[in-house]
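I have placed the structure first, in the form of structure tokens, so that the comments after it can refer back to it.
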There are 2 protein chains.
Amino acid sequence: MGAFITVDIGGTQIRAAAYPESGTQALAVRKTSTRAGHEKAFDRLVELIRSVFPRDGNVLSITVATPGPVDPQAGVIASAPNIPGWDNYPLRDKLEAAFHVPTHLGNDANLAALGEWRFGAAQGHAHLLYLTISTGIGGGVIVDNRLLLGARGLAAELGHLTVLPDGPVCSCGQRGHLEAVAAGPAIAAFVRDQLALGAVSSLGGASDLSARAVGQAAKQGDPLALRALARSGEYIGMALADFLAVFNPSIVIFGGGVSFSGELLLAPVRRSLGLRVMDQAYLEGLVITTAALGDNSGLLGGLALAHTLQPQVSA
Amino acid sequence: MGAFITVDIGGTQIRAAAYPESGTQALAVRKTSTRAGHEKAFDRLVELIRSVFPRDGNVLSITVATPGPVDPQAGVIASAPNIPGWDNYPLRDKLEAAFHVPTHLGNDANLAALGEWRFGAAQGHAHLLYLTISTGIGGGVIVDNRLLLGARGLAAELGHLTVLPDGPVCSCGQRGHLEAVAAGPAIAAFVRDQLALGAVSSLGGASDLSARAVGQAAKQGDPLALRALARSGEYIGMALADFLAVFNPSIVIFGGGVSFSGELLLAPVRRSLGLRVMDQAYLEGLVITTAALGDNSGLLGGLALAHTLQPQVSA
């Protein structure tokens, strides 16, 4: 029996898992730090993959989820946050040379969408919109049971929709994108600004204010933290009105750290969406929910891709 | 040999054509007015289709392009501009009852995209974005050689992307959509406003100012008309930056009356897009052009759908 190996390259750690030919129960999971001294990231990745390799050496494929833009057809990483030197990096060919196993790359948010569609909250839905809200905002879209990739694999960059022309600068350099006004750093910045203006909050004494801390304070009922989440949710709802008109999905799934706030974020999203949607028909039967796969979305998304590319195998 | 019948329901006229099993040369084309006194639109449609019916009665399918929202799976028109009473109208079932021929409905902009992909400017492109700019702004998207429809056939409403939050009211009732700031009526309104403010233009004496008149004046070098087109092009370029990040197409096609202005509109679109696109990688190899099928886009788009649904037949 063959195994699937999947790898999730995150901002702080790289995880690798081996899965059996059938099912989603990992045979082995290992992790390492993304940045680690002088050792090269590629060598560390090879060692990590070797550590989950089955003893019989029978591996059907290796799938790698990467956080930045990637060309899945060419197997090239355009750039990888936190890994200096991985620009236009032919990771697929390098891994295939190392392991002699068919290897596939995918954007992590794209693969998370595929994972939710195959194993998670979107099972049975042919049209899925997935948004991951954390330090940035990533997207993944399933159209008619297929992952939207675009001509060069650069599609579904949903965090870079313009919601506030001439608004704050985004990580990409443009202005007013959803990511720039609604992701974790924007939530933390709003709270900092309001504290500076004299707002009262349990977050007042925090030295390093993070979106995670804001989420925790919101759960305790902190009014400023709740306002910060509601503001983020309002922008997300505005973007979602656009995305519904563009994709008409039957389910919208939120992943990423910020979505752990659950209804504290989603209720404002729904309210804003209800005000902005161009026609109520888009809301009929629409499911809006949080991701089911959590931290394993990258690994299981990779497994979903492996299954998709090897369709004789079933979950 | 069987024939395909296709129908294009426009704002002012309904056209029907019969095509041979192979090729795009119509065997017959007839038209009638969309509004015509007391006679019912459906009865007039049936008579029109009958007028292009081949003598041997061998019709493989009937395809109808409609200007408003439509559910292609259910065969129901949600609403049709200029046809009172066609709300949630089961046109497919009614035509199948009348002609006993398999019948398909599609949104006209969606079908125009399919027509350009199969017979027009987008042949050989797997990822197409089509925008028709006239009284409104319609959209059609081909993803991986398939028409984007969404869960209920309501996808690709590209004219309803928000580009100016709290901007002018759109035909759908929401504010600041691309259609509200860049379609024909917005172009004419801009010129009227500028004339009222004292702008000098050859359009000054016009009693009923239309986007068509603005386009003609722009071709004569009228500065105000050129500014009006450039303003529309700038908004379209802003929206296009968003659409590229979302779909990563290899070709963008502009149809509709306003696009007859050609480079007078497209040059500002390209300039605006170049300033706003999140990454130059989206522009590499990207074709931006005008539609090749012109007035026949609805009829030939219907033919493309008929071919797609009857894949043993080739163009």
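Identifiers in this document derive from the order of the structure tokens: chains are assigned A, B, ..., residues are numbered from 1 separately in each chain, and ligands are numbered from 1 in order of occurrence.
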
If we count only C-alpha atoms and set the cut-off at 6 Å, which residues sit around range 62-74 of chain A, ignoring sequence neighbours fewer than 4 positions away in its own chain? Please answer as a list in words.
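The residues satisfying every condition are Ile5, Thr6, Val7, Asp8, Ile9, Ala78, Ser79, Ala80, Thr103, His104, Leu105, Gly106, Asn107, Asp108, Arg152, Gly153 and Gly302 of chain A.
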
Quick one: pick out all strand (DSSP E or B) residues within range 257-309 of chain A from a backbone DSSP run and write them as a PyMOL selection string.
chain A and resi 287-290

Would you put the residues from that selection into a file with C-alpha atoms, as an mmCIF file, in the first residue's frame?
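Wrote it out as part01.cif, contents follow:
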data_model
loop_
_atom_site.group_PDB
_atom_site.id
_atom_site.type_symbol
_atom_site.label_atom_id
_atom_site.label_comp_id
_atom_site.auth_asym_id
_atom_site.auth_seq_id
_atom_site.Cartn_x
_atom_site.Cartn_y
_atom_site.Cartn_z
ATOM 1 C CA VAL A 287 -24.047 28.684 4.380
ATOM 2 C CA ILE A 288 -21.538 30.955 6.175
ATOM 3 C CA THR A 289 -19.378 29.072 8.649
ATOM 4 C CA THR A 290 -15.900 28.531 10.075
#

Tell me as an MDAnalysis selection string which residues belonging to chain B come within 8 Å of chain A, counting only C-alpha atoms.
chainID B and resid 126:127 143:144 148:158 160:165 172:174 242 244:250 276:279 282

As JSON, numbers by chain, list the residues of range 135-278 of chain A assigned to helix (DSSP H, G or I) by DSSP on the backbone atoms of this structure.
{"A": [158, 159, 160, 178, 179, 180, 181, 182, 184, 185, 186, 187, 188, 189, 190, 191, 192, 193, 194, 195, 196, 202, 203, 204, 205, 211, 212, 213, 214, 215, 216, 217, 218, 219, 223, 224, 225, 226, 227, 228, 229, 230, 231, 232, 233, 234, 235, 236, 237, 238, 239, 240, 241, 242, 243, 244, 245, 246, 247, 257, 258, 259, 260, 261, 263, 264, 265, 266, 267, 268, 269, 270, 271, 272, 273, 274, 275, 276]}
